[in-house]
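Colleague: Please find target16.txt (compact mmCIF, C-alpha atoms and all ligand atoms) on the next line:
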```
# COMPACT_ATOMS: atom_id res chain seq x y z
CA VAL A 1 0.00 0.00 0.00
CA SER A 2 3.10 2.18 -0.14
CA LYS A 3 3.48 5.06 -2.55
CA LYS A 4 6.75 3.43 -3.59
CA TRP A 5 4.67 0.60 -5.04
CA LYS A 6 2.01 2.73 -6.64
CA ALA A 7 2.40 6.49 -6.95
CA LYS A 8 -1.11 7.24 -8.21
CA PRO A 9 -3.73 7.66 -5.44
CA THR A 10 -6.24 4.82 -5.26
CA SER A 11 -9.77 5.82 -6.16
CA ILE A 12 -12.65 3.74 -4.78
CA ASP A 13 -15.56 3.65 -7.22
CA LEU A 14 -18.74 2.45 -5.51
CA GLY A 15 -20.93 2.89 -8.58
CA ASN A 16 -23.68 5.40 -9.41
CA GLY A 17 -21.16 8.24 -9.23
CA VAL A 18 -20.16 7.59 -5.60
CA PHE A 19 -16.42 7.70 -4.95
CA ILE A 20 -13.93 7.78 -2.12
CA LYS A 21 -10.79 9.33 -3.52
CA ASP A 22 -7.95 11.77 -3.14
CA GLY A 23 -9.01 15.32 -3.90
CA ASP A 24 -12.63 14.64 -2.94
CA MET A 25 -14.56 14.71 0.35
CA ALA A 26 -16.59 11.61 1.17
CA ILE A 27 -19.22 11.97 3.88
CA ILE A 28 -20.39 8.78 5.58
CA ALA A 29 -23.03 9.19 8.28
CA GLY A 30 -25.41 6.96 10.16
CA PRO A 31 -26.12 5.38 13.50
CA CYS A 32 -23.67 3.34 15.49
CA SER A 33 -26.10 0.40 15.34
CA ILE A 34 -28.89 -0.42 12.93
CA GLU A 35 -31.90 -0.71 15.25
CA SER A 36 -35.17 -0.94 13.31
CA GLU A 37 -36.88 -0.36 9.97
CA ASP A 38 -38.28 2.91 11.27
CA GLN A 39 -34.80 4.09 12.29
CA ILE A 40 -33.30 3.12 8.92
CA ARG A 41 -36.03 5.03 7.06
CA LYS A 42 -35.50 8.15 9.15
CA VAL A 43 -31.73 8.12 8.67
CA ILE A 44 -32.06 7.56 4.92
CA LYS A 45 -34.50 10.48 4.66
CA HIS A 46 -32.04 12.68 6.54
CA LEU A 47 -29.14 11.60 4.32
CA LYS A 48 -31.14 12.22 1.14
CA GLU A 49 -32.11 15.70 2.34
CA ASN A 50 -28.45 16.50 2.83
CA ASP A 51 -27.05 14.82 -0.28
CA ILE A 52 -25.05 12.30 1.77
CA LYS A 53 -24.53 9.17 -0.31
CA MET A 54 -22.98 6.71 2.15
CA MET A 55 -24.55 5.36 5.30
CA ARG A 56 -22.72 3.68 8.17
CA GLY A 57 -24.25 1.34 10.73
CA GLY A 58 -23.44 -1.89 12.49
CA VAL A 59 -25.51 -5.05 12.38
CA PHE A 60 -22.76 -7.13 14.00
CA LYS A 61 -21.58 -5.06 16.94
CA PRO A 62 -18.29 -5.66 18.77
CA ARG A 63 -19.42 -4.52 22.20
CA SER A 64 -17.03 -4.26 25.12
CA SER A 65 -19.66 -5.93 27.30
CA PRO A 66 -21.39 -9.11 26.10
CA TYR A 67 -24.61 -7.88 27.74
CA ALA A 68 -24.83 -4.76 25.54
CA PHE A 69 -26.91 -4.70 22.31
CA ARG A 70 -25.07 -6.77 19.73
CA GLY A 71 -26.91 -5.86 16.57
CA LEU A 72 -29.74 -7.07 14.33
CA GLY A 73 -27.50 -9.42 12.38
CA ILE A 74 -27.91 -10.45 8.77
CA ASP A 75 -31.70 -9.90 8.70
CA GLY A 76 -31.14 -6.30 9.71
CA LEU A 77 -28.55 -5.92 6.97
CA LYS A 78 -30.92 -7.30 4.29
CA LEU A 79 -33.67 -4.91 5.30
CA TRP A 80 -31.25 -1.99 5.41
CA TYR A 81 -29.79 -2.86 2.01
CA ASP A 82 -33.22 -2.97 0.39
CA LEU A 83 -34.10 0.49 1.69
CA ALA A 84 -30.67 2.01 1.06
CA SER A 85 -30.20 0.73 -2.47
CA GLU A 86 -33.68 1.97 -3.38
CA ALA A 87 -32.55 5.41 -2.19
CA GLY A 88 -29.20 5.18 -4.04
CA ILE A 89 -27.25 5.09 -0.77
CA LYS A 90 -24.16 2.94 -0.23
CA ILE A 91 -23.69 0.83 2.90
CA VAL A 92 -20.63 0.77 5.16
CA THR A 93 -20.90 -1.94 7.80
CA GLU A 94 -18.62 -3.94 10.05
CA VAL A 95 -17.64 -7.53 9.38
CA MET A 96 -16.49 -9.27 12.55
CA GLN A 97 -15.52 -12.71 11.36
CA VAL A 98 -14.61 -14.71 8.28
CA SER A 99 -17.92 -16.60 8.15
CA GLN A 100 -19.83 -13.32 7.76
CA ILE A 101 -18.01 -12.17 4.62
CA GLU A 102 -20.01 -14.33 2.26
CA GLU A 103 -23.42 -13.86 3.86
CA MET A 104 -22.92 -10.09 3.94
CA TYR A 105 -21.57 -9.85 0.41
CA PRO A 106 -24.78 -9.19 -1.55
CA TYR A 107 -25.85 -6.49 0.91
CA THR A 108 -22.63 -4.60 1.57
CA ASP A 109 -20.82 -1.87 -0.36
CA ILE A 110 -17.90 -1.35 2.04
CA TYR A 111 -16.80 -3.92 4.61
CA GLN A 112 -15.61 -2.16 7.76
CA VAL A 113 -12.89 -3.82 9.79
CA GLY A 114 -13.33 -2.54 13.33
CA ALA A 115 -10.60 -1.33 15.65
CA ARG A 116 -10.84 -4.56 17.64
CA ASN A 117 -10.17 -6.59 14.51
CA THR A 118 -7.42 -4.59 12.85
CA GLN A 119 -4.96 -7.39 13.51
CA ASN A 120 -7.33 -10.27 12.86
CA PHE A 121 -5.09 -11.59 10.11
CA ASN A 122 -7.42 -14.42 9.08
CA LEU A 123 -10.18 -11.91 8.49
CA LEU A 124 -7.80 -9.64 6.53
CA ASP A 125 -6.56 -12.54 4.41
CA GLU A 126 -10.13 -13.47 3.48
CA LEU A 127 -11.07 -9.87 2.69
CA GLY A 128 -8.12 -9.85 0.32
CA LYS A 129 -10.04 -12.29 -1.87
CA VAL A 130 -13.20 -10.19 -2.08
CA ASP A 131 -13.99 -7.78 -4.93
CA LYS A 132 -15.63 -5.19 -2.71
CA ALA A 133 -14.18 -2.22 -0.85
CA VAL A 134 -12.78 -2.63 2.65
CA MET A 135 -12.30 0.15 5.21
CA ILE A 136 -9.77 -0.74 7.88
CA LYS A 137 -9.91 1.13 11.14
CA ARG A 138 -6.78 1.77 13.13
CA GLY A 139 -6.39 -0.59 16.07
CA ILE A 140 -7.28 0.62 19.55
CA SER A 141 -3.61 0.66 20.50
CA GLY A 142 -2.27 0.30 16.99
CA THR A 143 0.55 2.26 15.45
CA ILE A 144 0.37 3.84 12.01
CA GLU A 145 2.82 1.23 10.76
CA GLU A 146 0.60 -1.59 12.08
CA LEU A 147 -2.42 -0.11 10.32
CA LEU A 148 -0.45 -0.04 7.07
CA GLN A 149 0.67 -3.63 7.59
CA SER A 150 -2.94 -4.69 8.17
CA ALA A 151 -3.89 -2.98 4.91
CA GLU A 152 -1.00 -4.83 3.29
CA TYR A 153 -2.64 -8.16 4.17
CA VAL A 154 -5.76 -7.25 2.19
CA PHE A 155 -3.87 -5.58 -0.66
CA SER A 156 -1.39 -8.39 -1.14
CA GLY A 157 -4.30 -10.86 -1.18
CA GLY A 158 -5.54 -9.14 -4.32
CA ASN A 159 -8.09 -6.64 -3.07
CA GLU A 160 -6.87 -3.14 -3.83
CA LYS A 161 -10.15 -1.39 -2.95
CA LEU A 162 -8.96 -0.24 0.43
CA ILE A 163 -9.63 2.72 2.68
CA LEU A 164 -7.76 3.61 5.88
CA CYS A 165 -9.58 5.08 8.89
CA GLU A 166 -8.16 7.00 11.84
CA ARG A 167 -10.61 6.54 14.73
CA GLY A 168 -8.58 7.51 17.76
CA ILE A 169 -6.17 5.52 19.84
CA ARG A 170 -5.98 4.64 23.51
CA THR A 171 -3.60 6.89 25.42
CA TYR A 172 -3.21 7.80 29.08
CA GLU A 173 -5.75 10.62 28.56
CA ARG A 174 -9.18 9.81 30.02
CA ALA A 175 -10.90 13.19 29.44
CA SER A 176 -12.00 11.91 26.04
CA ARG A 177 -12.96 8.39 24.96
CA ASN A 178 -9.94 8.07 22.68
CA THR A 179 -7.25 10.41 21.40
CA LEU A 180 -7.96 11.23 17.77
CA ASP A 181 -4.52 11.12 16.21
CA LEU A 182 -4.78 13.67 13.44
CA ASN A 183 -1.03 13.37 12.93
CA ALA A 184 -1.85 10.08 11.28
CA VAL A 185 -3.67 11.78 8.41
CA PRO A 186 -0.78 13.60 6.69
CA ILE A 187 1.56 10.74 7.58
CA LEU A 188 -0.71 8.09 6.04
CA LYS A 189 -1.31 10.29 3.00
CA ALA A 190 2.44 10.70 2.54
CA LYS A 191 3.22 7.01 2.96
CA SER A 192 0.32 5.38 1.16
CA HIS A 193 -1.71 5.77 -2.03
CA LEU A 194 -4.89 4.72 -0.19
CA PRO A 195 -7.68 7.15 0.76
CA VAL A 196 -7.80 8.19 4.42
CA ILE A 197 -11.02 8.76 6.37
CA VAL A 198 -11.37 10.30 9.83
CA ASP A 199 -13.90 9.14 12.43
CA PRO A 200 -14.32 11.98 14.95
CA SER A 201 -17.21 10.24 16.74
CA HIS A 202 -15.10 7.37 18.12
CA GLY A 203 -12.05 9.63 18.07
CA ILE A 204 -13.25 11.95 20.81
CA GLY A 205 -16.43 10.23 21.98
CA ILE A 206 -18.17 13.44 23.07
CA ARG A 207 -21.06 14.69 20.92
CA ALA A 208 -20.43 18.41 21.45
CA TYR A 209 -16.87 18.17 20.16
CA VAL A 210 -17.42 15.89 17.18
CA PRO A 211 -17.96 18.75 14.66
CA GLN A 212 -14.74 20.59 15.39
CA MET A 213 -12.68 17.39 15.29
CA ALA A 214 -14.35 16.48 11.98
CA LEU A 215 -13.35 19.84 10.52
CA ALA A 216 -9.85 19.47 11.93
CA GLY A 217 -9.73 16.13 10.10
CA VAL A 218 -10.73 17.81 6.86
CA MET A 219 -7.96 20.40 7.30
CA ALA A 220 -5.47 17.67 8.16
CA GLY A 221 -6.02 16.32 4.66
CA ALA A 222 -8.60 13.55 5.06
CA ASP A 223 -10.40 12.25 1.98
CA GLY A 224 -13.58 11.75 3.96
CA ILE A 225 -15.30 11.89 7.32
CA ILE A 226 -17.39 9.14 8.93
CA TYR A 227 -19.62 10.11 11.87
CA GLU A 228 -22.54 8.84 13.89
CA THR A 229 -26.04 10.32 13.66
CA HIS A 230 -29.46 9.28 14.99
CA GLU A 231 -32.87 10.92 15.20
CA ILE A 232 -32.75 10.87 19.03
CA PRO A 233 -29.13 10.22 20.12
CA GLU A 234 -30.14 9.82 23.77
CA LYS A 235 -32.20 6.79 22.75
CA ALA A 236 -29.57 5.17 20.52
CA TYR A 237 -28.81 1.53 21.39
CA SER A 238 -25.07 2.27 21.31
CA ASP A 239 -22.70 5.25 21.36
CA GLY A 240 -25.46 7.84 21.91
CA GLN A 241 -23.05 10.08 23.85
CA GLN A 242 -21.02 10.70 20.69
CA THR A 243 -23.92 10.71 18.21
CA LEU A 244 -25.21 13.87 16.48
CA ASP A 245 -28.91 14.54 16.02
CA PHE A 246 -30.11 15.32 12.50
CA THR A 247 -29.93 19.09 12.95
CA GLN A 248 -26.30 18.86 14.09
CA SER A 249 -25.55 16.37 11.32
CA ALA A 250 -27.00 18.63 8.62
CA LEU A 251 -24.89 21.53 9.89
CA LEU A 252 -21.78 19.40 10.05
CA ALA A 253 -22.20 18.07 6.50
CA ASP A 254 -22.45 21.65 5.31
CA TRP A 255 -19.38 22.71 7.31
CA ILE A 256 -17.39 19.75 6.04
CA ARG A 257 -18.09 20.77 2.45
CA LYS A 258 -17.30 24.43 3.09
CA THR A 259 -14.11 23.60 4.97
CA PHE A 260 -13.03 21.24 2.21
CA ALA A 261 -13.67 23.94 -0.39
CA MET A 262 -11.25 26.22 1.51
CA ARG A 263 -8.54 23.59 1.83
C1 LIG B 1 -18.20 1.63 15.03
O1 LIG B 1 -17.86 2.14 13.96
O2 LIG B 1 -19.33 1.75 15.52
C2 LIG B 1 -17.15 0.95 15.81
C3 LIG B 1 -17.44 -0.08 16.62
O3 LIG B 1 -15.93 1.47 15.61
P1 LIG B 1 -14.49 1.05 16.17
O4 LIG B 1 -14.21 -0.29 15.63
O5 LIG B 1 -13.62 2.14 15.62
O6 LIG B 1 -14.58 1.10 17.67
MN MN B 2 -20.06 3.32 17.42
```
For the structure just supplied, provide its representation as structure tokens.
Ligand code: PEP
Ligand code: MN

Modeller:
Amino acid sequence: VSKKWKAKPTSIDLGNGVFIKDGDMAIIAGPCSIESEDQIRKVIKHLKENDIKMMRGGVFKPRSSPYAFRGLGIDGLKLWYDLASEAGIKIVTEVMQVSQIEEMYPYTDIYQVGARNTQNFNLLDELGKVDKAVMIKRGISGTIEELLQSAEYVFSGGNEKLILCERGIRTYERASRNTLDLNAVPILKAKSHLPVIVDPSHGIGIRAYVPQMALAGVMAGADGIIYETHEIPEKAYSDGQQTLDFTQSALLADWIRKTFAMR
């Protein structure tokens, strides 16, 4: 995934004019977890109103506690895919294990590898054989080099449709959920030809500060921003404390575009 191997930036073409690529600003928004048909419809309506073409959401959730909500599973994904594809919206969703790759395949546009799976090398090997895009999140305590090596697993397996995501790392600082390492953005862009996305929601973990960290990510040189939004964040099944409501999300999407235009 090094620029020494391929100088030209990798462009991810998701079809219907939706791209993630250098020199562009991808916006991916949606809930932490897919919860219900009603919730999916409301998010899709919000995305359409704001010209956001990619929706995030988990149906297989890697929760720190086994007693927390763990997602609607494949049935939730099928329902979501039907509604999203009808609306022309692409789906970004986490794959947690090898056995899910195939069952998710018809209903997924971008496989997300979560921070807890960044070094699941079996999963990465298998994703290397798939002809769909993969977004790899940086490990919870992972270095930039380790993220690049994880991407190398998928790339060397034959899948070059890869996206890197900075989502914050664990440091000694407890005032925020994670420490969003914006240093990683210019460094990854300099080292690799792959697009780089910033996730300010998991990066800081505090709703009120998500917008400014998103904009900082844009200015740091990100090719896209992924953030969490929900009609009523306080009622979200997961990560409500870092989730924007639709009014905040609409403002942020606008600011992201304006900030990018100034870059
Ligand atoms: C998520 O995107 O909701 C998620 C679980 O992210 P991460 O793997 O970065 O914690
Ligand atoms: Mn989340």

Colleague: A:Leu148: which residues within 8 Å, counting all atoms listed in the file, same-chain residues fewer than 4 positions away excluded, as a ChimeraX atom specification?

Modeller: /A:1,144,152

Colleague: Which neighbours of A:Glu35 fall inside 12 Å, counting all atoms listed in the file, when residues of the same chain fewer than 6 positions from it are skipped, and could you give them as a list of chain:residue names?

Modeller: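 Residues near the query, excluding close chain neighbours: A:Arg41, A:Lys42, A:Val43, A:Gly57, A:Gly58, A:Val59, A:Phe60, A:Lys61, A:Phe69, A:Arg70, A:Gly71, A:Leu72, A:Gly73, A:Asp75, A:Gly76, A:Leu77, A:Leu79, A:Trp80, A:His230, A:Glu231, A:Lys235, A:Ala236, A:Tyr237, A:Ser238.
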
Colleague: Taking only C-alpha atoms and all ligand atoms into account, list the residues no farther than 9 Å from ligand MN 2 (chain B), as a list in words.

Modeller: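 Based on only C-alpha atoms and all ligand atoms, ligand MN 2 (chain B) is surrounded within 9 Å by Pro31, Cys32, Ser33, Gly57, Gly58, Lys61, Ser201, His202, Tyr227, Glu228, Ser238, Asp239, Gly240, Gln242 and Thr243 of chain A.
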
Colleague: With all atoms listed in the file as the atoms that count, which of A:Thr118, A:Gln212, A:Ser156, A:Ser36 lies nearest to ligand LIG 1 (chain B)?

Modeller: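 Nearest candidate to ligand LIG 1 (chain B) out of A:Thr118, A:Gln212, A:Ser156, A:Ser36: A:Thr118.
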
Colleague: Choose the residue, out of A:Ile187, A:Ser150, A:Thr229, A:Asp22, that has the smallest atom-to-atom separation from A:Ile34; count only C-alpha atoms.

Modeller: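 Closest to A:Ile34, using only C-alpha atoms: A:Thr229.
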
Colleague: Provide the atom CA of A:Glu160 to atom CA of A:Ile256 distance in Å, to one decimal place.

Modeller: 27.1 Å

Colleague: Nearest to A:Trp255 among A:Ile232, A:Met54, A:Cys165, A:Val218, with distances taken over all atoms listed in the file: which residue is it?

Modeller: A:Val218

Colleague: Between A:Ser85, A:Ser141, A:Thr93, A:Asn50, which is the closest to A:Arg116 once you count all atoms listed in the file?

Modeller: A:Ser141

Colleague: Have a look at A:Arg177, A:Lys258, A:Lys191, A:Lys161 and name the one nearest to A:Ser11; count only C-alpha atoms.

Modeller: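 Going through A:Arg177, A:Lys258, A:Lys191, A:Lys161 one by one, the smallest distance to A:Ser11 is for A:Lys161.
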
Colleague: Name all residues at most 7 Å from A:Ile110 (count all atoms listed in the file; drop same-chain ones fewer than 4 positions away) and give them as an MDAnalysis selection string.

Modeller: chainID A and resid 91:93 132:135

Colleague: Closest to A:Trp5 among A:Leu180, A:Leu147, A:Leu194, A:Ile101, using only C-alpha atoms?

Modeller: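 That would be A:Leu194, the residue with the smallest distance to A:Trp5.
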
Colleague: So how far away is atom CA of A:Leu182 from atom CA of A:Ile136, in Å?

Modeller: 16.2 Å

Colleague: Rounded to one decimal in Å, what is the spacing between atom CA of A:Gly128 and atom CA of A:Asp223?

Modeller: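 That distance, rounded to one decimal, is 22.3 Å.
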